[in-house]
Structures are given as C-alpha cells and as structure tokens.
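Enquirer: What follows is query-v2.csv; its format and atoms are CSV, C-alpha atoms and all ligand atoms.
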chain,number,residue,atom,x,y,z
A,13,MET,CA,-26.8,11.8,16.1
A,14,LYS,CA,-28.5,10.2,19.0
A,15,ASN,CA,-27.7,6.6,18.1
A,16,LEU,CA,-25.4,5.9,21.0
A,17,LYS,CA,-27.8,7.4,23.4
A,18,ASN,CA,-30.6,5.3,22.0
A,19,ALA,CA,-28.5,2.2,22.4
A,20,LEU,CA,-27.8,3.0,26.0
A,21,LEU,CA,-31.5,3.5,26.5
A,22,LEU,CA,-32.4,0.3,24.8
A,23,LYS,CA,-29.8,-1.6,26.9
A,24,GLN,CA,-31.5,-0.2,30.0
A,25,LEU,CA,-34.9,-1.2,28.7
A,26,TYR,CA,-33.7,-4.8,28.0
A,27,LEU,CA,-32.3,-4.9,31.6
A,28,LEU,CA,-35.6,-3.8,33.0
A,29,LYS,CA,-37.5,-6.3,30.9
A,30,GLN,CA,-35.2,-9.1,32.2
A,31,LEU,CA,-36.2,-8.0,35.7
A,32,GLY,CA,-39.8,-8.4,34.9
A,33,TYR,CA,-40.9,-4.8,34.1
A,34,ASN,CA,-43.4,-4.3,31.3
A,35,TYR,CA,-43.6,-0.6,31.6
A,36,THR,CA,-41.6,2.0,33.4
A,37,SER,CA,-41.7,5.8,33.6
A,38,VAL,CA,-38.0,6.0,34.8
A,39,THR,CA,-36.2,8.7,33.0
A,40,ALA,CA,-33.1,6.8,31.8
A,41,PHE,CA,-31.1,9.8,30.6
A,42,LYS,CA,-31.4,13.4,31.3
A,43,GLU,CA,-30.8,16.0,28.6
A,44,ASP,CA,-27.6,17.2,30.4
A,45,GLU,CA,-25.9,13.8,29.9
A,46,PRO,CA,-22.5,14.1,28.2
A,47,ASP,CA,-22.4,14.3,24.4
A,48,LEU,CA,-23.0,10.7,23.2
A,49,THR,CA,-22.8,11.4,19.5
A,50,LEU,CA,-20.4,9.2,17.6
A,51,PRO,CA,-17.3,10.7,15.9
A,52,ASN,CA,-17.2,11.5,12.2
A,53,THR,CA,-14.1,9.7,11.2
A,54,LEU,CA,-13.5,6.0,11.1
A,55,GLU,CA,-10.3,6.3,13.0
A,56,LYS,CA,-11.9,8.1,15.9
A,57,LEU,CA,-14.9,5.7,15.8
A,58,ARG,CA,-12.5,2.8,16.0
A,59,LYS,CA,-10.8,4.3,19.0
A,60,GLN,CA,-14.1,4.9,20.7
A,61,SER,CA,-15.2,1.3,20.0
A,62,ARG,CA,-12.1,0.1,21.7
A,63,GLU,CA,-13.3,1.7,24.9
A,64,CYS,CA,-16.9,0.5,24.5
A,65,HIS,CA,-18.6,-1.2,27.4
A,66,LEU,CA,-22.2,-1.0,26.2
A,67,CYS,CA,-22.7,-4.8,26.5
A,68,ASP,CA,-21.3,-7.8,28.3
A,69,LEU,CA,-19.3,-8.9,25.3
A,70,SER,CA,-16.8,-6.2,26.3
A,71,LYS,CA,-16.0,-8.2,29.5
A,72,SER,CA,-14.7,-11.3,27.7
A,73,ARG,CA,-13.2,-9.8,24.5
A,74,THR,CA,-9.5,-9.8,23.9
A,75,GLN,CA,-9.8,-7.2,21.2
A,76,VAL,CA,-12.6,-5.2,19.6
A,77,VAL,CA,-12.9,-6.2,15.9
A,78,PHE,CA,-14.0,-3.0,14.4
A,79,GLY,CA,-13.6,-3.8,10.7
A,80,GLU,CA,-11.0,-3.3,8.0
A,81,GLY,CA,-10.6,-2.5,4.4
A,82,ASN,CA,-11.0,0.4,1.9
A,83,GLU,CA,-12.6,3.3,3.7
A,84,ASP,CA,-14.1,4.4,0.3
A,85,ALA,CA,-15.3,0.9,-0.6
A,86,GLU,CA,-18.1,0.5,-3.0
A,87,ILE,CA,-18.9,-2.9,-1.5
A,88,MET,CA,-19.2,-3.7,2.2
A,89,PHE,CA,-19.5,-7.2,3.7
A,90,VAL,CA,-21.2,-7.6,7.0
A,91,GLY,CA,-20.9,-10.8,9.0
A,92,GLU,CA,-22.3,-11.8,12.4
A,93,ALA,CA,-19.6,-11.6,15.0
A,94,PRO,CA,-15.9,-12.2,15.5
A,95,GLY,CA,-14.7,-15.7,16.3
A,96,MET,CA,-11.7,-16.8,18.3
A,97,SER,CA,-9.1,-16.0,15.7
A,98,GLU,CA,-10.7,-12.6,15.0
A,99,ASP,CA,-10.8,-11.9,18.8
A,100,SER,CA,-7.1,-12.5,19.2
A,101,SER,CA,-6.0,-10.7,16.0
A,102,GLY,CA,-8.5,-7.8,16.1
A,103,LYS,CA,-9.2,-8.4,12.3
A,104,PRO,CA,-12.5,-9.6,10.8
A,105,PHE,CA,-12.9,-12.8,8.9
A,106,ILE,CA,-9.5,-14.5,9.2
A,107,GLY,CA,-9.2,-18.3,9.6
A,108,LYS,CA,-11.2,-20.7,7.5
A,109,SER,CA,-14.4,-18.6,7.0
A,110,GLY,CA,-12.1,-15.7,6.2
A,111,ASP,CA,-10.4,-17.7,3.5
A,112,MET,CA,-13.7,-18.6,2.1
A,113,LEU,CA,-14.8,-15.0,2.1
A,114,THR,CA,-11.6,-13.9,0.4
A,115,LYS,CA,-12.2,-16.5,-2.4
A,116,MET,CA,-15.7,-15.3,-2.8
A,117,ILE,CA,-14.5,-11.8,-3.3
A,118,GLU,CA,-11.5,-12.4,-5.4
A,119,ASN,CA,-12.8,-15.2,-7.6
A,120,VAL,CA,-16.2,-13.8,-8.3
A,121,LEU,CA,-16.1,-10.0,-7.9
A,122,LEU,CA,-12.5,-10.1,-9.4
A,123,ILE,CA,-11.3,-7.4,-7.0
A,124,PRO,CA,-8.8,-7.7,-4.1
A,125,ARG,CA,-10.4,-8.2,-0.7
A,126,THR,CA,-8.6,-5.0,0.4
A,127,GLU,CA,-10.8,-3.0,-2.0
A,128,THR,CA,-13.9,-3.9,0.0
A,129,TYR,CA,-14.7,-3.1,3.6
A,130,ILE,CA,-15.5,-6.0,6.0
A,131,THR,CA,-17.1,-5.8,9.4
A,132,ASN,CA,-19.7,-7.5,11.6
A,133,ILE,CA,-23.0,-6.9,13.4
A,134,VAL,CA,-21.2,-7.0,16.7
A,135,LYS,CA,-17.6,-6.0,17.2
A,136,CYS,CA,-16.7,-8.3,20.1
A,137,ARG,CA,-16.7,-12.1,20.3
A,138,PRO,CA,-19.7,-13.8,21.9
A,139,ALA,CA,-18.6,-16.6,24.2
A,140,ASN,CA,-18.6,-20.0,22.6
A,141,ASN,CA,-19.3,-18.4,19.3
A,142,ALA,CA,-23.0,-18.0,20.2
A,143,GLU,CA,-25.3,-15.9,18.1
A,144,PRO,CA,-25.2,-12.3,19.5
A,145,SER,CA,-28.3,-11.6,21.6
A,146,PRO,CA,-30.7,-8.9,20.4
A,147,SER,CA,-29.5,-6.6,23.2
A,148,GLU,CA,-25.8,-7.1,22.2
A,149,ALA,CA,-26.7,-6.5,18.5
A,150,HIS,CA,-28.7,-3.4,19.3
A,151,SER,CA,-26.0,-2.0,21.6
A,152,CYS,CA,-23.5,-2.3,18.8
A,153,HIS,CA,-25.7,-1.1,16.0
A,154,PRO,CA,-24.8,2.6,16.2
A,155,TYR,CA,-21.2,1.7,15.3
A,156,LEU,CA,-22.3,-0.2,12.3
A,157,LEU,CA,-24.6,2.6,11.2
A,158,LYS,CA,-21.9,5.1,11.6
A,159,GLN,CA,-19.5,2.9,9.6
A,160,ILE,CA,-22.1,2.8,6.8
A,161,GLU,CA,-22.7,6.5,7.0
A,162,LEU,CA,-18.9,7.3,6.7
A,163,ILE,CA,-18.0,4.7,4.1
A,164,LYS,CA,-21.1,5.2,2.0
A,165,PRO,CA,-21.0,1.8,0.2
A,166,LYS,CA,-23.2,1.3,-2.8
A,167,ILE,CA,-23.8,-2.3,-2.0
A,168,ILE,CA,-23.8,-4.2,1.3
A,169,VAL,CA,-23.6,-7.9,1.3
A,170,ALA,CA,-25.2,-9.4,4.4
A,171,LEU,CA,-23.4,-12.6,5.2
A,172,GLY,CA,-26.0,-14.9,6.7
A,173,ALA,CA,-29.3,-14.6,8.5
A,174,THR,CA,-28.1,-12.6,11.5
A,175,ALA,CA,-26.4,-9.9,9.4
A,176,TYR,CA,-29.5,-9.8,7.1
A,177,HIS,CA,-31.9,-9.6,10.1
A,178,TYR,CA,-30.2,-6.6,11.8
A,179,LEU,CA,-29.6,-4.7,8.5
A,180,SER,CA,-33.1,-5.1,7.2
A,181,GLY,CA,-35.3,-5.7,10.2
A,182,ASP,CA,-36.7,-8.7,8.3
A,183,ASP,CA,-36.9,-12.1,10.0
A,184,SER,CA,-37.3,-14.2,6.9
A,185,PRO,CA,-35.0,-17.2,6.5
A,186,ILE,CA,-31.9,-16.5,4.5
A,187,SER,CA,-32.7,-19.3,2.1
A,188,LYS,CA,-35.8,-17.4,1.1
A,189,VAL,CA,-34.3,-14.0,0.6
A,190,ARG,CA,-30.8,-14.7,-0.6
A,191,GLY,CA,-30.1,-13.4,-4.1
A,192,ASN,CA,-32.8,-10.7,-3.9
A,193,ILE,CA,-31.4,-7.2,-4.0
A,194,GLN,CA,-33.2,-4.9,-1.6
A,195,GLU,CA,-33.2,-1.2,-1.9
A,196,GLN,CA,-32.3,0.4,1.4
A,197,HIS,CA,-32.3,4.2,2.0
A,198,ARG,CA,-28.7,4.8,0.9
A,199,TYR,CA,-27.5,1.4,-0.5
A,200,LYS,CA,-28.5,-1.9,-2.0
A,201,LEU,CA,-28.6,-4.9,0.3
A,202,MET,CA,-27.7,-8.3,-1.0
A,203,PRO,CA,-28.4,-11.2,1.4
A,204,THR,CA,-26.4,-14.3,0.9
A,205,TYR,CA,-25.1,-17.3,2.8
A,206,HIS,CA,-22.4,-16.9,5.5
A,207,PRO,CA,-19.0,-18.3,4.5
A,208,SER,CA,-19.1,-20.7,7.5
A,209,TYR,CA,-22.3,-22.1,6.1
A,210,LEU,CA,-20.5,-22.8,2.8
A,211,LEU,CA,-17.8,-24.6,4.7
A,212,ARG,CA,-20.4,-26.9,6.1
A,213,ASN,CA,-22.6,-27.1,3.0
A,214,PRO,CA,-20.4,-26.8,-0.1
A,215,SER,CA,-23.4,-27.4,-2.4
A,216,ALA,CA,-24.6,-23.9,-1.5
A,217,LYS,CA,-21.5,-22.3,-3.1
A,218,LYS,CA,-23.3,-22.2,-6.4
A,219,ASP,CA,-26.0,-20.0,-4.8
A,220,VAL,CA,-23.5,-17.6,-3.5
A,221,LEU,CA,-21.8,-17.5,-6.9
A,222,GLU,CA,-25.1,-16.5,-8.4
A,223,ASP,CA,-25.7,-13.8,-5.7
A,224,LEU,CA,-22.2,-12.3,-6.1
A,225,LYS,CA,-22.6,-12.3,-9.9
A,226,ILE,CA,-25.6,-10.0,-9.4
A,227,VAL,CA,-23.4,-7.8,-7.1
A,228,LYS,CA,-20.7,-7.8,-9.8
A,229,GLY,CA,-23.2,-6.6,-12.3
A,230,LEU,CA,-24.2,-3.7,-10.1
A,231,MET,CA,-20.6,-2.5,-9.5
B,1,LIG,N1,-17.7,-15.0,11.3
B,1,LIG,C1,-18.2,-13.8,11.2
B,1,LIG,O1,-19.4,-13.6,11.1
B,1,LIG,N2,-17.4,-12.8,11.4
B,1,LIG,C2,-16.0,-12.9,11.5
B,1,LIG,O2,-15.4,-11.9,11.6
B,1,LIG,C3,-15.5,-14.2,11.5
B,1,LIG,C4,-16.4,-15.3,11.4
Would it be possible to restate this file's structure as structure tokens?
Ligand code: URA
Expert:
Amino acid sequence: MKNLKNALLLKQLYLLKQLGYNYTSVTAFKEDEPDLTLPNTLEKLRKQSRECHLCDLSKSRTQVVFGEGNEDAEIMFVGEAPGMSEDSSGKPFIGKSGDMLTKMIENVLLIPRTETYITNIVKCRPANNAEPSPSEAHSCHPYLLKQIELIKPKIIVALGATAYHYLSGDDSPISKVRGNIQEQHRYKLMPTYHPSYLLRNPSAKKDVLEDLKIVKGLM
C-alpha cells in the first residue's frame, strides 16, 4: 500500500503550494526510498503512529491519540481531532464530549462503548482546538484508512462536518446530509452531529437520536 508515500508526497506539494509554486517537476520520492507501507496489525500501526512526524501537529502533541475499542467492531465512530484531555490521556473522546458520545452509544445503540471502535480524522491535537488543516488531515489519512481496513466495520458514524468531509470527500453541510446512510466501498457511512455540537445545541439531540436509531436498525 502506497498510502504513506502518497501522504508524504501530498505534504510536499502543499509546502510547495504555500511557497507559491503552481507546478513542479521535482521528483519528490525515488523508487528506492525505504518501504513506506503501513503495518498490518493495529498494534504495530499504533506504534508507528507514535513516531509519526508527517505534519506539524507532531511538534506540539503530548500523546498520539490513535484510537481505542473493539478491534473487531461492527461500528466505528470517527471524530475530528483530539482535544486537551485526549492529548494528555492518549485516549479519544474523554471529557464532556466523550461523556456525550458514551451516552449516545449506550442509550441508543444499547451496547457498551467498548464494543465500538473510536478514533479521529487526525491523531494529534491541533493547537487551540482548531479544525485540522487539509494538509494535516491528508497526512494522517493513511492511518485512518488502515484502521478501517484492519477493523472492517460495517458502519462508520462520522461525527460532525470535518469527519464526514474527509471520509466522503463531500463538502455538503452536515445539517443537509445527516441521517442519510451512504454506501461506501466497504462500509455504510452515517453522518451525524458531533457530540460537542450537541453540548452547545441540546435541541439537536433528537436528530442524533433518529440517526442512531437508523444505525441500530442496520446492526
Ligand atoms: N473531539 C473530537 O473530535 N475527538 C476527540 O477525541 C475529542 C473531542
């Protein structure tokens, strides 16, 4: 798999774009570069991610928040990026939005949170909880793709617009697409609101309830 190599290439192209280049014939990587394929077990992938320096988020992170849960999960939840508590604990979705996510899972899907797998679009915390930049998200994407390939979930719930955008390639507002199951190559994608959004807008909880009931019906 050439995902990591592509991410490195993409990173270099973003850098050149920032410097004002529109086109370059620079050969970024020669074929005799070291093997950049990602490992085929989650444990090895986690280890590799801990040493990742593909983007600037690696400079300010405390810990890489790789993801956690059942490695054979039928359902995977993908959020945006770790926040401060996640950065210091190394675990995804703890703190207030994590409590909200746990309630969503346990009260609607009626399964323990530990039966699902939870991760994010980027595995390192962006400073000031900013939205990850496209370059950061693309650099990290191979890890997410590999997690999906290894876990093989039947359903992925995209939590919020950023997760939905990078999983589907679609820029539509989350309010327009939420609740509509989309067939992806190997799984069904359910876009819904992010738990932090629900903390700020409790009236949207009924929408997430509807979306998760659809997910429950597919399980
Ligand atoms: N928000 C996210 O998107 N992910 C986390 O892990 C925590 C908060």
Enquirer: At a cut-off of 12 Å around ligand LIG 1 (chain B), and using all atoms listed in the file, what residues come up? Please write them as a compact mmCIF listing (two decimals) with C-alpha atoms, in the coordinates of the input.
Expert:
# COMPACT_ATOMS: atom_id res chain seq x y z
CA VAL A 76 -12.60 -5.20 19.60
CA VAL A 77 -12.90 -6.20 15.90
CA PHE A 78 -14.00 -3.00 14.40
CA GLY A 79 -13.60 -3.80 10.70
CA GLU A 80 -11.00 -3.30 8.00
CA PHE A 89 -19.50 -7.20 3.70
CA VAL A 90 -21.20 -7.60 7.00
CA GLY A 91 -20.90 -10.80 9.00
CA GLU A 92 -22.30 -11.80 12.40
CA ALA A 93 -19.60 -11.60 15.00
CA PRO A 94 -15.90 -12.20 15.50
CA GLY A 95 -14.70 -15.70 16.30
CA MET A 96 -11.70 -16.80 18.30
CA SER A 97 -9.10 -16.00 15.70
CA GLU A 98 -10.70 -12.60 15.00
CA ASP A 99 -10.80 -11.90 18.80
CA SER A 100 -7.10 -12.50 19.20
CA SER A 101 -6.00 -10.70 16.00
CA GLY A 102 -8.50 -7.80 16.10
CA LYS A 103 -9.20 -8.40 12.30
CA PRO A 104 -12.50 -9.60 10.80
CA PHE A 105 -12.90 -12.80 8.90
CA ILE A 106 -9.50 -14.50 9.20
CA GLY A 107 -9.20 -18.30 9.60
CA LYS A 108 -11.20 -20.70 7.50
CA SER A 109 -14.40 -18.60 7.00
CA GLY A 110 -12.10 -15.70 6.20
CA ASP A 111 -10.40 -17.70 3.50
CA MET A 112 -13.70 -18.60 2.10
CA LEU A 113 -14.80 -15.00 2.10
CA THR A 114 -11.60 -13.90 0.40
CA TYR A 129 -14.70 -3.10 3.60
CA ILE A 130 -15.50 -6.00 6.00
CA THR A 131 -17.10 -5.80 9.40
CA ASN A 132 -19.70 -7.50 11.60
CA ILE A 133 -23.00 -6.90 13.40
CA VAL A 134 -21.20 -7.00 16.70
CA LYS A 135 -17.60 -6.00 17.20
CA CYS A 136 -16.70 -8.30 20.10
CA ARG A 137 -16.70 -12.10 20.30
CA PRO A 138 -19.70 -13.80 21.90
CA ASN A 141 -19.30 -18.40 19.30
CA ALA A 142 -23.00 -18.00 20.20
CA GLU A 143 -25.30 -15.90 18.10
CA PRO A 144 -25.20 -12.30 19.50
CA ALA A 170 -25.20 -9.40 4.40
CA LEU A 171 -23.40 -12.60 5.20
CA GLY A 172 -26.00 -14.90 6.70
CA ALA A 173 -29.30 -14.60 8.50
CA THR A 174 -28.10 -12.60 11.50
CA ALA A 175 -26.40 -9.90 9.40
CA TYR A 176 -29.50 -9.80 7.10
CA TYR A 205 -25.10 -17.30 2.80
CA HIS A 206 -22.40 -16.90 5.50
CA PRO A 207 -19.00 -18.30 4.50
CA SER A 208 -19.10 -20.70 7.50
CA TYR A 209 -22.30 -22.10 6.10
CA LEU A 210 -20.50 -22.80 2.80
CA LEU A 211 -17.80 -24.60 4.70
Enquirer: Can you work out which one of A:Met116, A:Leu69, A:Leu157, A:Ile123 has the shortest atom-to-atom distance to Asn52 of chain A, counting all atoms listed in the file?
Expert: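 The answer is A:Leu157, which sits nearest to Asn52 of chain A.
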Enquirer: For Leu221 of chain A, which residue among A:Lys115, A:His153, A:Lys17, A:Arg198 is the nearest when counting all atoms listed in the file?
Expert: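 So, comparing all the options, the nearest one is A:Lys115.
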Enquirer: Enter the distance from atom CA of Asn18 of chain A to atom CA of Thr49 of chain A, in Å, rounded to one decimal.
Expert: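 Result for atom CA of Asn18 of chain A versus atom CA of Thr49 of chain A: 10.2 Å, one decimal.
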Enquirer: For Leu66 of chain A, list every protein, DNA or RNA residue within 10 Å, evaluated using all atoms listed in the file, and leave out those in the same chain fewer than 6 positions away; present the list as a JSON list (two decimals) with C-alpha atoms, in the frame of the given file.
Expert:
[["chain", "number", "residue", "atom", "x", "y", "z"],
["A", 16, "LEU", "CA", -25.40, 5.90, 21.00],
["A", 19, "ALA", "CA", -28.50, 2.20, 22.40],
["A", 20, "LEU", "CA", -27.80, 3.00, 26.00],
["A", 23, "LYS", "CA", -29.80, -1.60, 26.90],
["A", 147, "SER", "CA", -29.50, -6.60, 23.20],
["A", 148, "GLU", "CA", -25.80, -7.10, 22.20],
["A", 150, "HIS", "CA", -28.70, -3.40, 19.30],
["A", 151, "SER", "CA", -26.00, -2.00, 21.60],
["A", 152, "CYS", "CA", -23.50, -2.30, 18.80]]
Enquirer: Go ahead and compute the interatomic distance for atom CA of Cys67 of chain A and atom CA of Leu156 of chain A, in Å to one decimal.
Expert: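 Interatomic distance here is 14.9 Å.
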Enquirer: Check the smallest atom-to-atom distance from each of A:Ile163, A:Leu22, A:Leu50, A:Ala149 to Gly81 of chain A using all atoms listed in the file, then report the winner.
Expert: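 With all atoms listed in the file as the atom set, the closest residue is A:Ile163.
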Enquirer: Would you mind reading off the distance between atom CA of Asp84 of chain A and atom CA of Lys166 of chain A, one decimal, in Å?
Expert: 10.1 Å
Enquirer: Dig up all the protein and nucleic acid residues within 12 Å of (-34.5, -12.6, 5.8) in the file frame, using all atoms listed in the file, and format them as a ChimeraX atom specification.
Expert: /A:170-194,201-205
